[in-house]
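S.K.: Structure file structure-v7.pdb (PDB, C-alpha atoms) is given on the next line.
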```
MODEL        1
ATOM      1  CA  MET A  17     -17.449  -8.057  -3.087
ATOM      2  CA  SER A  18     -15.360  -4.904  -3.319
ATOM      3  CA  VAL A  19     -12.155  -6.107  -4.970
ATOM      4  CA  THR A  20     -10.704  -3.137  -6.815
ATOM      5  CA  PRO A  21      -8.035  -2.981  -9.551
ATOM      6  CA  ILE A  22      -4.520  -2.474  -8.186
ATOM      7  CA  ARG A  23      -2.412   0.231  -9.818
ATOM      8  CA  ILE A  24       0.980  -0.794 -11.200
ATOM      9  CA  ILE A  25       4.297   1.072 -10.931
ATOM     10  CA  GLY A  26       4.283   3.829 -13.526
ATOM     11  CA  ASP A  27       0.797   5.060 -12.582
ATOM     12  CA  PRO A  28       1.217   8.664 -11.340
ATOM     13  CA  VAL A  29      -1.120   8.091  -8.367
ATOM     14  CA  LEU A  30       1.601   5.915  -6.817
ATOM     15  CA  ARG A  31       4.029   8.860  -6.841
ATOM     16  CA  THR A  32       1.572  11.475  -5.552
ATOM     17  CA  PRO A  33       1.455  12.155  -1.794
ATOM     18  CA  ALA A  34      -1.999  11.298  -0.456
ATOM     19  CA  ALA A  35      -4.257  13.849   1.211
ATOM     20  CA  PRO A  36      -5.249  13.541   4.867
ATOM     21  CA  VAL A  37      -8.681  12.106   5.566
ATOM     22  CA  VAL A  38     -11.023  14.751   6.967
ATOM     23  CA  ASP A  39     -14.394  12.966   6.776
ATOM     24  CA  PHE A  40     -14.812   9.795   8.822
ATOM     25  CA  ASP A  41     -17.975   8.768   7.029
ATOM     26  CA  ALA A  42     -19.584   5.853   5.191
ATOM     27  CA  GLU A  43     -17.335   6.453   2.169
ATOM     28  CA  LEU A  44     -14.236   6.026   4.322
ATOM     29  CA  ARG A  45     -15.629   2.842   5.876
ATOM     30  CA  GLN A  46     -16.343   1.496   2.364
ATOM     31  CA  LEU A  47     -12.787   2.389   1.324
ATOM     32  CA  VAL A  48     -11.419   0.348   4.254
ATOM     33  CA  VAL A  49     -13.637  -2.590   3.201
ATOM     34  CA  ASP A  50     -12.462  -2.259  -0.422
ATOM     35  CA  LEU A  51      -8.823  -2.133   0.664
ATOM     36  CA  THR A  52      -9.207  -5.136   2.968
ATOM     37  CA  GLU A  53     -11.001  -7.281   0.375
ATOM     38  CA  THR A  54      -8.548  -6.312  -2.381
ATOM     39  CA  MET A  55      -5.577  -7.050  -0.094
ATOM     40  CA  HIS A  56      -6.970 -10.485   0.814
ATOM     41  CA  SER A  57      -7.807 -11.290  -2.814
ATOM     42  CA  ALA A  58      -4.261 -10.398  -3.877
ATOM     43  CA  GLY A  59      -2.641 -12.263  -0.979
ATOM     44  CA  GLY A  60      -0.879  -9.145   0.263
ATOM     45  CA  ALA A  61       0.404  -8.154   3.702
ATOM     46  CA  GLY A  62      -0.966  -4.653   3.197
ATOM     47  CA  ILE A  63      -2.356  -2.177   0.717
ATOM     48  CA  ALA A  64      -2.634   1.602   0.701
ATOM     49  CA  ALA A  65      -5.439   3.677  -0.813
ATOM     50  CA  PRO A  66      -3.257   5.111  -3.631
ATOM     51  CA  GLN A  67      -2.686   1.541  -4.836
ATOM     52  CA  ILE A  68      -6.370   1.394  -5.775
ATOM     53  CA  GLY A  69      -6.348   4.914  -7.169
ATOM     54  CA  VAL A  70      -7.608   6.772  -4.095
ATOM     55  CA  GLY A  71      -5.379   9.637  -2.941
ATOM     56  CA  LEU A  72      -6.190   9.446   0.769
ATOM     57  CA  ARG A  73      -3.981   8.559   3.756
ATOM     58  CA  VAL A  74      -5.456   5.150   4.565
ATOM     59  CA  PHE A  75      -3.985   1.651   4.545
ATOM     60  CA  THR A  76      -4.813  -1.849   5.711
ATOM     61  CA  TRP A  77      -2.573  -4.734   6.744
ATOM     62  CA  TYR A  78      -2.814  -8.478   7.247
ATOM     63  CA  VAL A  79       0.158  -9.865   9.148
ATOM     64  CA  GLU A  80       0.304 -13.125  11.100
ATOM     65  CA  GLY A  81      -3.482 -13.462  11.113
ATOM     66  CA  GLU A  82      -4.126  -9.888  12.275
ATOM     67  CA  VAL A  83      -6.119  -7.513  10.085
ATOM     68  CA  GLY A  84      -5.977  -3.810  10.764
ATOM     69  CA  HIS A  85      -6.125  -0.381   9.235
ATOM     70  CA  LEU A  86      -4.780   3.089   9.924
ATOM     71  CA  VAL A  87      -6.081   6.467   8.811
ATOM     72  CA  ASN A  88      -3.719   9.473   8.719
ATOM     73  CA  PRO A  89      -0.846   7.472  10.237
ATOM     74  CA  ASP A  90       2.182   8.938  11.931
ATOM     75  CA  VAL A  91       4.981   6.362  12.190
ATOM     76  CA  ALA A  92       8.165   6.513  14.245
ATOM     77  CA  PRO A  93      10.944   3.961  14.644
ATOM     78  CA  VAL A  94      11.411   2.453  18.091
ATOM     79  CA  GLY A  95      15.136   2.103  18.667
ATOM     80  CA  GLU A  96      17.886   2.032  16.074
ATOM     81  CA  GLU A  97      17.755  -1.642  15.050
ATOM     82  CA  THR A  98      17.142  -2.371  11.367
ATOM     83  CA  GLU A  99      16.605  -5.500   9.315
ATOM     84  CA  GLU A 100      17.211  -6.248   5.647
ATOM     85  CA  ASP A 101      14.730  -8.724   4.222
ATOM     86  CA  ALA A 102      12.910  -9.570   1.010
ATOM     87  CA  GLU A 103      10.046  -7.186   0.354
ATOM     88  CA  GLY A 104       7.403  -7.187  -2.350
ATOM     89  CA  CYS A 105       4.596  -4.895  -3.400
ATOM     90  CA  LEU A 106       1.179  -5.456  -4.945
ATOM     91  CA  SER A 107       1.974  -2.561  -7.306
ATOM     92  CA  ILE A 108       5.138  -4.352  -8.474
ATOM     93  CA  PRO A 109       3.573  -7.819  -8.822
ATOM     94  CA  GLY A 110       5.730 -10.927  -8.826
ATOM     95  CA  PHE A 111       8.991  -9.352  -7.650
ATOM     96  CA  ARG A 112      10.774  -9.208  -4.287
ATOM     97  CA  PHE A 113      13.966  -7.351  -3.436
ATOM     98  CA  ASP A 114      15.921  -7.028  -0.190
ATOM     99  CA  CYS A 115      15.036  -3.781   1.561
ATOM    100  CA  ARG A 116      16.275  -2.376   4.879
ATOM    101  CA  ARG A 117      13.607  -1.254   7.360
ATOM    102  CA  HIS A 118      13.404  -0.376  11.048
ATOM    103  CA  LEU A 119      12.824  -3.534  13.070
ATOM    104  CA  HIS A 120      10.365  -1.913  15.501
ATOM    105  CA  VAL A 121       7.901   0.950  14.931
ATOM    106  CA  ALA A 122       5.080   2.720  16.720
ATOM    107  CA  ALA A 123       2.249   4.218  14.683
ATOM    108  CA  THR A 124      -0.561   6.489  15.750
ATOM    109  CA  GLY A 125      -3.581   7.481  13.739
ATOM    110  CA  TRP A 126      -7.302   6.873  13.655
ATOM    111  CA  ASN A 127      -9.603   4.030  12.818
ATOM    112  CA  MET A 128     -12.376   4.360  10.243
ATOM    113  CA  TYR A 129     -14.725   5.773  12.894
ATOM    114  CA  GLY A 130     -12.360   8.617  13.842
ATOM    115  CA  GLU A 131     -11.215   7.014  17.109
ATOM    116  CA  PRO A 132      -7.504   7.419  17.942
ATOM    117  CA  ILE A 133      -5.402   4.237  17.837
ATOM    118  CA  ARG A 134      -1.792   3.266  18.415
ATOM    119  CA  VAL A 135      -0.122   0.241  16.852
ATOM    120  CA  GLU A 136       3.288  -1.100  17.791
ATOM    121  CA  GLY A 137       4.901  -3.637  15.525
ATOM    122  CA  SER A 138       8.076  -5.600  14.994
ATOM    123  CA  HIS A 139       9.506  -7.533  12.067
ATOM    124  CA  LYS A 140       6.737  -8.200   9.488
ATOM    125  CA  LEU A 141       4.175  -5.817  10.993
ATOM    126  CA  ALA A 142       6.785  -3.053  11.310
ATOM    127  CA  ARG A 143       7.815  -3.661   7.680
ATOM    128  CA  ALA A 144       4.178  -3.567   6.490
ATOM    129  CA  ILE A 145       3.423  -0.339   8.380
ATOM    130  CA  GLN A 146       6.538   1.379   6.979
ATOM    131  CA  HIS A 147       5.867   0.081   3.446
ATOM    132  CA  GLU A 148       2.235   1.241   3.397
ATOM    133  CA  THR A 149       3.043   4.612   4.965
ATOM    134  CA  ASP A 150       5.636   5.109   2.223
ATOM    135  CA  HIS A 151       2.844   4.587  -0.345
ATOM    136  CA  LEU A 152       0.916   7.435   1.288
ATOM    137  CA  ASP A 153       3.959   9.659   0.725
ATOM    138  CA  GLY A 154       4.365   8.642  -2.942
ATOM    139  CA  VAL A 155       7.365   6.415  -2.183
ATOM    140  CA  LEU A 156       7.801   2.839  -3.472
ATOM    141  CA  PHE A 157       9.973   0.341  -1.629
ATOM    142  CA  ILE A 158      12.424   0.168  -4.531
ATOM    143  CA  ASP A 159      13.204   3.831  -3.754
ATOM    144  CA  ARG A 160      14.603   2.602  -0.412
ATOM    145  CA  LEU A 161      17.169   0.301  -2.050
ATOM    146  CA  ASP A 162      20.780   1.401  -2.255
ATOM    147  CA  THR A 163      21.819   2.895  -5.597
ATOM    148  CA  GLU A 164      23.280  -0.295  -7.044
ATOM    149  CA  ALA A 165      20.424  -2.558  -5.900
ATOM    150  CA  ARG A 166      17.828  -0.070  -7.146
ATOM    151  CA  ALA A 167      19.431   0.119 -10.593
ATOM    152  CA  ALA A 168      19.516  -3.697 -10.785
ATOM    153  CA  ALA A 169      15.860  -3.935  -9.665
ATOM    154  CA  LEU A 170      14.715  -1.363 -12.225
ATOM    155  CA  GLU A 171      16.566  -3.252 -14.957
ATOM    156  CA  ILE A 172      14.844  -6.497 -13.966
ATOM    157  CA  LEU A 173      11.443  -4.762 -13.872
ATOM    158  CA  GLN A 174      11.847  -3.566 -17.473
ATOM    159  CA  GLY A 175      11.260  -7.172 -18.542
ATOM    160  CA  ALA A 176       8.133  -7.670 -16.420
ATOM    161  CA  ALA A 177       5.150  -9.153 -18.248
ATOM    162  CA  TRP A 178       2.944  -6.361 -16.902
ATOM    163  CA  GLN A 179       5.082  -3.518 -18.280
ATOM    164  CA  GLY A 180       2.857  -0.973 -20.020
ATOM    165  CA  GLU A 181      -0.204  -1.984 -17.987
ATOM    166  CA  GLN A 182      -1.862   0.509 -15.640
ATOM    167  CA  ALA A 183      -3.617  -1.863 -13.240
ATOM    168  CA  TYR A 184      -4.743  -5.447 -12.658
ATOM    169  CA  LEU A 185      -7.424  -7.325 -10.768
ATOM    170  CA  PRO A 186      -5.995  -9.812  -8.244
ATOM    171  CA  SER A 187      -8.283 -12.530  -9.655
ATOM    172  CA  GLY A 188      -6.589 -12.212 -13.032
ATOM    173  CA  GLU A 189      -9.844 -11.150 -14.690
ATOM    174  CA  PRO A 190      -9.673  -8.285 -17.175
ATOM    175  CA  ILE A 191     -10.373  -4.852 -15.783
ATOM    176  CA  PRO A 192     -13.859  -3.773 -16.801
ATOM    177  CA  THR A 193     -13.873  -0.954 -19.318
ATOM    178  CA  PRO A 194     -15.691   2.071 -17.911
ATOM    179  CA  VAL A 195     -19.033   2.678 -19.561
ATOM    180  CA  VAL A 196     -19.325   6.174 -20.966
ATOM    181  CA  LYS A 197     -22.875   7.304 -21.449
ATOM    182  CA  VAL A 198     -23.429   9.911 -24.106
ATOM    183  CA  SER A 199     -26.382  12.208 -23.890
ATOM    184  CA  PRO A 200     -28.648  12.165 -26.962
ATOM    185  CA  HIS A 201     -28.778  15.982 -26.826
TER     186      HIS A 201
ENDMDL
END
```
Just give me the structure as structure tokens.

M.R.:
Amino acid sequence: MSVTPIRIIGDPVLRTPAAPVVDFDAELRQLVVDLTETMHSAGGAGIAAPQIGVGLRVFTWYVEGEVGHLVNPDVAPVGEETEEDAEGCLSIPGFRFDCRRHLHVAATGWNMYGEPIRVEGSHKLARAIQHETDHLDGVLFIDRLDTEARAAALEILQGAAWQGEQAYLPSGEPIPTPVVKVSPH
């Protein structure tokens, strides 16, 4: 299984714009598997590569029984209609805040094999696509809240049990400490 630790707000990787994918190889396919398995393990509607510490423009989603992924996405709203609804984030675990998003979007990009794809979504899928694309740009959904709501959210988050942590495993198990091998020379 490829469940990977999820980075928590405060980790700089979440604020760093991700680089475009240039190699559609076995490593990219493994990244998509890791993202998908981590997303399912955490019970999320989506997850972007920076959330597992990988600075590449890739995300997966799981909405209404549909699993998908996009590489190097380009997202555009379809129409002017918006919707304000509760939104959460695996990198801000346990909290949801009302966030306004476009109700309909169209996204183009590539699949893990380098084949072009187009995804159109409404409501939850549109929200997931916008949320995950924001992650690729170093933007968290709380950045989309109006000034007053954002200030209130940040105040609430200061009391989160995970404050000061860098990452967590969705299973609740401790994150394995990296083994550092020292040469005898």

S.K.: Any chance you could resolve the PyMOL selection byres ((chain A and resi 119-134) around 12) against this file and give the residues as a ChimeraX atom specification?

M.R.: /A:36-49,73-76,84-101,115-118,135-149

S.K.: Could the residues in this selection be saved with C-alpha atoms as a PDB file, in the coordinates of the input?

M.R.:
```
ATOM      1  CA  PRO A  36      -5.249  13.541   4.867  1.00  0.00           C
ATOM      2  CA  VAL A  37      -8.681  12.106   5.566  1.00  0.00           C
ATOM      3  CA  VAL A  38     -11.023  14.751   6.967  1.00  0.00           C
ATOM      4  CA  ASP A  39     -14.394  12.966   6.776  1.00  0.00           C
ATOM      5  CA  PHE A  40     -14.812   9.795   8.822  1.00  0.00           C
ATOM      6  CA  ASP A  41     -17.975   8.768   7.029  1.00  0.00           C
ATOM      7  CA  ALA A  42     -19.584   5.853   5.191  1.00  0.00           C
ATOM      8  CA  GLU A  43     -17.335   6.453   2.169  1.00  0.00           C
ATOM      9  CA  LEU A  44     -14.236   6.026   4.322  1.00  0.00           C
ATOM     10  CA  ARG A  45     -15.629   2.842   5.876  1.00  0.00           C
ATOM     11  CA  GLN A  46     -16.343   1.496   2.364  1.00  0.00           C
ATOM     12  CA  LEU A  47     -12.787   2.389   1.324  1.00  0.00           C
ATOM     13  CA  VAL A  48     -11.419   0.348   4.254  1.00  0.00           C
ATOM     14  CA  VAL A  49     -13.637  -2.590   3.201  1.00  0.00           C
ATOM     15  CA  ARG A  73      -3.981   8.559   3.756  1.00  0.00           C
ATOM     16  CA  VAL A  74      -5.456   5.150   4.565  1.00  0.00           C
ATOM     17  CA  PHE A  75      -3.985   1.651   4.545  1.00  0.00           C
ATOM     18  CA  THR A  76      -4.813  -1.849   5.711  1.00  0.00           C
ATOM     19  CA  GLY A  84      -5.977  -3.810  10.764  1.00  0.00           C
ATOM     20  CA  HIS A  85      -6.125  -0.381   9.235  1.00  0.00           C
ATOM     21  CA  LEU A  86      -4.780   3.089   9.924  1.00  0.00           C
ATOM     22  CA  VAL A  87      -6.081   6.467   8.811  1.00  0.00           C
ATOM     23  CA  ASN A  88      -3.719   9.473   8.719  1.00  0.00           C
ATOM     24  CA  PRO A  89      -0.846   7.472  10.237  1.00  0.00           C
ATOM     25  CA  ASP A  90       2.182   8.938  11.931  1.00  0.00           C
ATOM     26  CA  VAL A  91       4.981   6.362  12.190  1.00  0.00           C
ATOM     27  CA  ALA A  92       8.165   6.513  14.245  1.00  0.00           C
ATOM     28  CA  PRO A  93      10.944   3.961  14.644  1.00  0.00           C
ATOM     29  CA  VAL A  94      11.411   2.453  18.091  1.00  0.00           C
ATOM     30  CA  GLY A  95      15.136   2.103  18.667  1.00  0.00           C
ATOM     31  CA  GLU A  96      17.886   2.032  16.074  1.00  0.00           C
ATOM     32  CA  GLU A  97      17.755  -1.642  15.050  1.00  0.00           C
ATOM     33  CA  THR A  98      17.142  -2.371  11.367  1.00  0.00           C
ATOM     34  CA  GLU A  99      16.605  -5.500   9.315  1.00  0.00           C
ATOM     35  CA  GLU A 100      17.211  -6.248   5.647  1.00  0.00           C
ATOM     36  CA  ASP A 101      14.730  -8.724   4.222  1.00  0.00           C
ATOM     37  CA  CYS A 115      15.036  -3.781   1.561  1.00  0.00           C
ATOM     38  CA  ARG A 116      16.275  -2.376   4.879  1.00  0.00           C
ATOM     39  CA  ARG A 117      13.607  -1.254   7.360  1.00  0.00           C
ATOM     40  CA  HIS A 118      13.404  -0.376  11.048  1.00  0.00           C
ATOM     41  CA  VAL A 135      -0.122   0.241  16.852  1.00  0.00           C
ATOM     42  CA  GLU A 136       3.288  -1.100  17.791  1.00  0.00           C
ATOM     43  CA  GLY A 137       4.901  -3.637  15.525  1.00  0.00           C
ATOM     44  CA  SER A 138       8.076  -5.600  14.994  1.00  0.00           C
ATOM     45  CA  HIS A 139       9.506  -7.533  12.067  1.00  0.00           C
ATOM     46  CA  LYS A 140       6.737  -8.200   9.488  1.00  0.00           C
ATOM     47  CA  LEU A 141       4.175  -5.817  10.993  1.00  0.00           C
ATOM     48  CA  ALA A 142       6.785  -3.053  11.310  1.00  0.00           C
ATOM     49  CA  ARG A 143       7.815  -3.661   7.680  1.00  0.00           C
ATOM     50  CA  ALA A 144       4.178  -3.567   6.490  1.00  0.00           C
ATOM     51  CA  ILE A 145       3.423  -0.339   8.380  1.00  0.00           C
ATOM     52  CA  GLN A 146       6.538   1.379   6.979  1.00  0.00           C
ATOM     53  CA  HIS A 147       5.867   0.081   3.446  1.00  0.00           C
ATOM     54  CA  GLU A 148       2.235   1.241   3.397  1.00  0.00           C
ATOM     55  CA  THR A 149       3.043   4.612   4.965  1.00  0.00           C
TER      56      THR A 149
END
```

S.K.: One decimal, in Å: what's the spacing between atom CA of Leu156 of chain A and atom CA of Phe111 of chain A?

M.R.: 12.9 Å

S.K.: Considering all atoms listed in the file, state which residue in the set A:Phe113, A:His56, A:Trp77, A:Asp27 is at the smallest distance from Ala168 of chain A.

M.R.: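 The shortest atom-to-atom distance to Ala168 of chain A comes from A:Phe113.
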
S.K.: Quick one: pull the distance between atom CA of Ala176 of chain A and atom CA of Ile25 of chain A, Å, one decimal.

M.R.: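 Going from atom CA of Ala176 of chain A over to atom CA of Ile25 of chain A, I get 11.0 Å.
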
S.K.: From the set A:Gln174, A:Thr20, A:Thr32, A:Ser187, which residue has the shortest atom-to-atom contact distance to Asp153 of chain A, counting only C-alpha atoms?

M.R.: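 Once distances to Asp153 of chain A are computed over only C-alpha atoms, the minimum belongs to A:Thr32.
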
S.K.: Rank A:Phe157, A:Tyr184, A:Glu164, A:Leu72 by their smallest atom-to-atom distance to Val19 of chain A, using only C-alpha atoms, and report the top residue only.

M.R.: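 Between A:Phe157, A:Tyr184, A:Glu164, A:Leu72, the residue approaching Val19 of chain A most closely is A:Tyr184.
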
S.K.: Evaluate the PyMOL selection byres ((chain A and resi 31) around 12) here and jot the selected residues down as a ChimeraX atom specification.

M.R.: /A:23-30,32-34,66-67,69,71,107,150-157,159

S.K.: What does the distance between atom CA of Ala102 of chain A and atom CA of Ile158 of chain A come to in Å, to one decimal place?

M.R.: 11.2 Å
